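Q: Before we start, here is the structure in question, set down as structure tokens.
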Amino acid sequence: MLLLLSAFAILPLLVPAVVARIGARAFYVTALLPLIAFGAAVAHAPQVLSGSIPHESYSWIPSLGIELSMRMDVLSWVMTLIVTGVGALVMLYCRWYFRGKTQGVGQFAAVLLAFAGAMYGLVLTDDIVMLVMFWEITSVLSYLLIGFYNMRGASRRAALQALLVTTLGGLVMLIGVVLFVVEAGTSSLSQILTDIPTGPVIDAALVLLLVGALSKSAIFPFHFWLPGAMAAPTPVSAYLHAAAMVKAGIYLIARFAPMYADSAPWRPIIITLGVFTMLLGGVQALRETDLKRLLAFGTVSQLGFLTVVLGYGTRDTALAGITLLIAHALFKSALFLVVGIIDRQLSTRNIDDLSGLGRRAPLLATCAIVAISSMAGVIPTIGFVGKEAALSALLTEAEGGSIWGLVALLGIVAGSVLTAAYGIRFVWGAFWTKKDADGRTKTPTEWPAPPIGFLTAPVVLGALTIAGGVASSVVGSALEKYADTAPFASDGVPAPEYTYHLALWHGLEPALGISIGTLLLGAAVFVFARKFGWERRRRVLPFTAGGVYNATLRVIARVAVVTTSSTQRGSLPVYVGTIFLVFVVAEGTALLANPAWQTDLALWQSPAQIVVAPIMIIAGIIAVRARKRYTGVVLVSVTGLGMVVLFATSGAPDLALTQVLIETVTLVAFALVLRRIPARLGDHNASVWPFARAVLAGAVGVTMAFVAIVATAAREAAPISVSFPELAYELGHGRNVVNVALVDIRGWDTMGELSVLILAATGVASLVFVTHRSDTLTQLTRPLPRVRDGRPLVETSSGSKPQTTGPIQQPRTWLLGGQRMRPESRSIVLEVIVRVLFHTIILVSLYLLFAGHNLPGGGFAGGLVAGMALVMRYVAGGRYELGVAAPTDAGRLLGIGMSLALACAIVPMFFGSDPLTSMVFEAEIPLLGHIEFVSSTIFDIGVYLVVIGLVLDVLRSLGAEVDRQTQQSRMRGVTTA
């Protein structure tokens with residue numbers, strides 16, 4: 001089972017390539033994996049039905065007790081057969097549904113297969129936390145499937161609606177899961193349902209679980225997302241909204257009902273909402289003229305039916321419910337597939353456009369009639385067997401004095417009448433010969449016969465529907481293992497005199513009479529609705545649940561706008577001032593609340609501090625008084641360079657090296673930005689409230705100083721840093737404590753910092769570039785010559801050209817981009833220096849990268865040095881020279897670097913180690929002697945590439961792109977003049 005789950009996770013990544021190669025026939029390939037999983041479930045049948053439950057487990061997060069565990073009892077086995085069997089048929093159906101189409105089909109096939117895998121994991125997992133994870137994965141994947149036609153606004157809105165509703169329910173359910181895990185002391189679903197914790201906390205957790213289940217299964221008040229999801233392709237509706245996704249909530253109810261149905265909140269919620277949903281969906285289905293929406297509201301109604309029966313929680317209702325679960329998957333999938341064939345062949349699903357189709361497509365009509373018969377409960381289908389069992393079980397409960405049994409019985413009887421009515425309406429609307437407004441028979445609809453392969457899936461489902469009814473006793477003997485986990489009757493109701501078993505014929509019993517009565521009344525309701533034009537009548541209520549949802553979103557949007565406009569005014573001083581004020585008040589209160597401070601102060605630790613600290617203070621004061629922006633930036637850098645001296649004299653050469661590089665790069669970035677804004681701080685943008693700012697700044701400084709004093713003196717235990725040198729050598733195999741800590745001991749922190757750097761680079765680029773990074777890259781490199789035969793480039797009046805004459809008559813080109821710069825901006829001396837030093841600096845950066853594990857350096861410092869080399873090329877040769885120095889997209893460097901870091905975290909897990917576990921490789925090399933290579937060096941290389949990508953992105957956006965925009969503005973000005 002775990003192996004199949006892994007295949008479901010990996011194979012979807014390969015599907016787009018297969019679709020690109022063989023088109024829609026790739027669905028034959030995607031159907032293989034669900035078929036294999038179906039075959040594996042069938043092979044497990046003897047073991048499951050004998051009570052020997054297959055179980056596989058892999059410890060995923062041992063510290064939290066979370067396991068990737070798979071357990072196949074009867075309920076999971078049935079759900080697995082449905083998910084994989086119907087999934088395979090739908091994928092085979094897709095081969096014909098998407099015949100001749102290419103756009104988006106590869107992604108659709110991959111997501112559909114991944115969704116099948118997520119459902120496979122959801123119904124088999126024995127860890128309730130993992131169940132929540134699979135639950136949310138299905139929500140995300142269903143969003144992609146529903147929104148397949150992403151160019152249509154209706155599809156995008158329907159996908160977002162389904163995602164918001166089901167995800168909100170999933171988040172509420174997560175809280176319930178946490179409560180269950182805390183109360184039960186385990187995340188094992190089987191253990192929770194064996195020990196059965198109880199109490200008020202568990203009752204609250206049950207309500208939260210039901211919110212998630214009801215939202216997933218489209219039960220009122222969450223029912224409105226399902227009809228909207230009909231904007232999806234028909235195979236999605238046949239799989240997600242008939243056999244898979246909506247069954248997730250039903251599955252969760254079926255899992256908990258046998259143990260918790262008698263708890264206080266369970267039956268009132270389940271039966272009230274289930275019955276109302278069944279009636280609401282049935283009434284609305286009679287109004288629909290679109291066959292697919294008719295089935296959608298019918299599905300809502302049937303889900304309410306399943307919720308009531310499976311959620312009632314007695315032995316006989318459990319048996320009836322799981323039978324109806326199978327029946328619903330078969331008949332509703334078949335009906336959706338039938339509608340898909342009609343829509344694909346005729347490009348319409350409207351009842352008014354169809355007439356006489358039953359005579360022209362008899363096989364299709366037969367499949368539909370069989371499916372509708374099962375839905376309405378007509379013998380000999382499996383739907384009839386399940387419906388009769390449900391009526392018999394609830395009748396027994398009602399006769400035994402159960403109020404909720406009586407409510408459930410009356411509710412499903414009324415709902416069954418509506419089911420028969422809209423079932424007849426579907427057959428009439430799709431296949432009957434109709435008359436126009438004048439009473440004349442409509443011309444039969446032309447029917448282009450579909451390929452026989454297109455009909456395979458609904459034919460198979462229809463055949464299984466009848467076979468299940470005929471073999472109901474065999475089916476029942478398999479399903480009774482699940483039913484026997486529930487009590488024979490609810491609290492206060494005597495147990496039935498005999499044990500109910502599934503059978504196609506129980507004789508002339510009350511349940512049979514009720515079932516026949518619902519069919520006759522359903523036919524009468526259909527005739528009545530047709531005669532009085534129910535579909536054209538005004539709604540009972542002036543609003544719908546979908547309207548309430550949209551109104552809620554509008555209210556949220558308006559509140560967000562009001563909140564944002566009142567707090568986010570675009571003033572950076574206000575934002576920073578608010579943060580500082582909160583800091584002073586919060587930390588000051590904490591300091592004053594406990595005046596028992598301990599201080600351990602020394603005026604200085606080294607003579608350098610006596611010299612450097614006053615310089616930093618004076619530079620800070622002068623920076624505040626500076627009237628030019630660049631002057632202020634340089635003076636602020638003085639404080640940073642002062643920190644370099646303090647680090648260097650305090651035994652932290654790594655920090656000193658990194659700090660000086662950061663200060664240099666930051667100064668360059670400031671210089672690039674300051675080119676586009678006025679040099680002086682004028683009166684129109686002068687600081688307001690200078691005295692208040694000064695007081696706040698002083699308060700921040702004083703507060704921070706006291707925090708540092710109190711925090712450093714409050715330590716009671718020995719700091720962990722004392723053990724860092726030993727840990728660095730023994731665990732990280734390096735003597736540079738700082739570097740080993742970054743890439744090994746606290747590698748997760750470094751990975752988070754890499755993510756922040758990538759987000760910062762992307763943010764800077766998105767603010768400057770009109771479209772994306774690569775647009776400007778081509779403009780940077782395209783005008784430059786390329787010489788492949790080794791001839792030197794010389795400067796000519798028309799730019800740099802390959803040398804064609806023997807003796808050199810023109811001066812050699814030092815930097816290719818130099819000729820593109822304006823003459824007054826060129827410096828030959830600078831070009832020569834850069835040409836001479838660039839490669840040396842790159843070598844130094846590589847040395848720092850690989851030596852950093854034992855000596856000062858590392859990926860961060862090495863990347864900054866390489867970035868400084870790129871800065872030199874840009875300053876000397878302009879934006880074209882930057883394109884020559886780094887003829888690649890910065891995004892690629894960022895992505896490759898992050899991928900290497902992630903690989904260092906993921907790969908050790910395949911060998912049973914913790915993420916980011918380092919491995920050391922040692923060897924004796926002739927001439928070189930003993931060498932060691934630590935796998936964390938790969939992580940450091942990732943850091944190196946990310947830093948280079950960040951610097952390159954800053955240079956491309958704030959430098960090269962700003963240059964290009966300035967040049968275009970200048971050219972437009974010249975043209976206008």
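By convention here, the chains of the structure tokens are called A, B, ... in the order presented, each chain's residues are numbered starting at 1, and ligands are numbered starting at 1 in the order presented.
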With DSSP run on the backbone, what are the helix (DSSP H, G or I) residues within stretch 418-621 of chain A? I'd like them as a VMD selection string.
A: chain A and resid 418 to 431 452 to 470 472 to 483 510 to 531 534 to 536 545 to 567 572 to 593 607 to 621
Q: Hey, which bits of stretch 512-576 of chain A sit within 9 Å of stretch 216-230 of chain A, and for each residue what's the closest pair of atoms and how far apart in Å (one decimal), counting only C-alpha atoms, rows by chain and increasing number, as CSV?
A:
residue,atom,partner,partner_atom,distance
A:Thr544,CA,A:Phe224,CA,8.5
A:Ala545,CA,A:Phe224,CA,6.0
A:Gly546,CA,A:Phe224,CA,5.6
A:Tyr549,CA,A:Phe224,CA,8.7
Q: Do you know which residues are at most 10 Å from A:Ser52 counting only C-alpha atoms, after dropping those on the same chain fewer than 6 positions away, and could you put them as a ChimeraX atom specification?
A: /A:44,46,72-73
Q: Report, in Å with one decimal, the straight-line distance from atom CA of A:Gln103 to atom CA of A:Thr762.
A: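 Atom-to-atom, atom CA of A:Gln103 to atom CA of A:Thr762, that is 29.0 Å.
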Q: Would you kindly return, as an mmCIF file with C-alpha atoms, in the first residue's frame, each protein, DNA or RNA residue with an atom no farther than 12 Å from any atom of A:Gly517, considering only C-alpha atoms and excluding same-chain residues fewer than 4 positions away?
A:
data_model
loop_
_atom_site.group_PDB
_atom_site.id
_atom_site.type_symbol
_atom_site.label_atom_id
_atom_site.label_comp_id
_atom_site.auth_asym_id
_atom_site.auth_seq_id
_atom_site.Cartn_x
_atom_site.Cartn_y
_atom_site.Cartn_z
ATOM 1 C CA ALA A 376 -34.723 5.710 -7.167
ATOM 2 C CA GLY A 377 -34.612 2.209 -5.673
ATOM 3 C CA VAL A 378 -36.082 -0.038 -8.362
ATOM 4 C CA VAL A 413 -39.300 8.824 2.574
ATOM 5 C CA ALA A 414 -40.028 12.382 1.463
ATOM 6 C CA SER A 416 -37.079 9.342 -1.940
ATOM 7 C CA VAL A 417 -40.287 10.716 -3.476
ATOM 8 C CA LEU A 418 -38.319 13.683 -4.807
ATOM 9 C CA ALA A 420 -37.959 9.365 -8.068
ATOM 10 C CA PRO A 510 -43.496 -2.708 5.160
ATOM 11 C CA ALA A 511 -40.189 -1.408 3.754
ATOM 12 C CA LEU A 512 -41.099 -2.772 0.330
ATOM 13 C CA GLY A 513 -44.510 -1.098 0.444
ATOM 14 C CA LEU A 521 -45.649 9.390 -5.515
ATOM 15 C CA GLY A 522 -42.428 10.426 -7.279
ATOM 16 C CA ALA A 523 -44.057 9.854 -10.664
ATOM 17 C CA ALA A 524 -47.060 11.932 -9.542
#
Q: Extract, using only C-alpha atoms, all DNA, RNA and protein residues at most 7 Å from A:Cys367, discarding same-chain residues fewer than 4 positions from it, and format them as a list in words.
A: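 Near neighbours after the sequence-gap exclusion: Leu363, Ala371, Pro458, Val459 and Gly462 of chain A.
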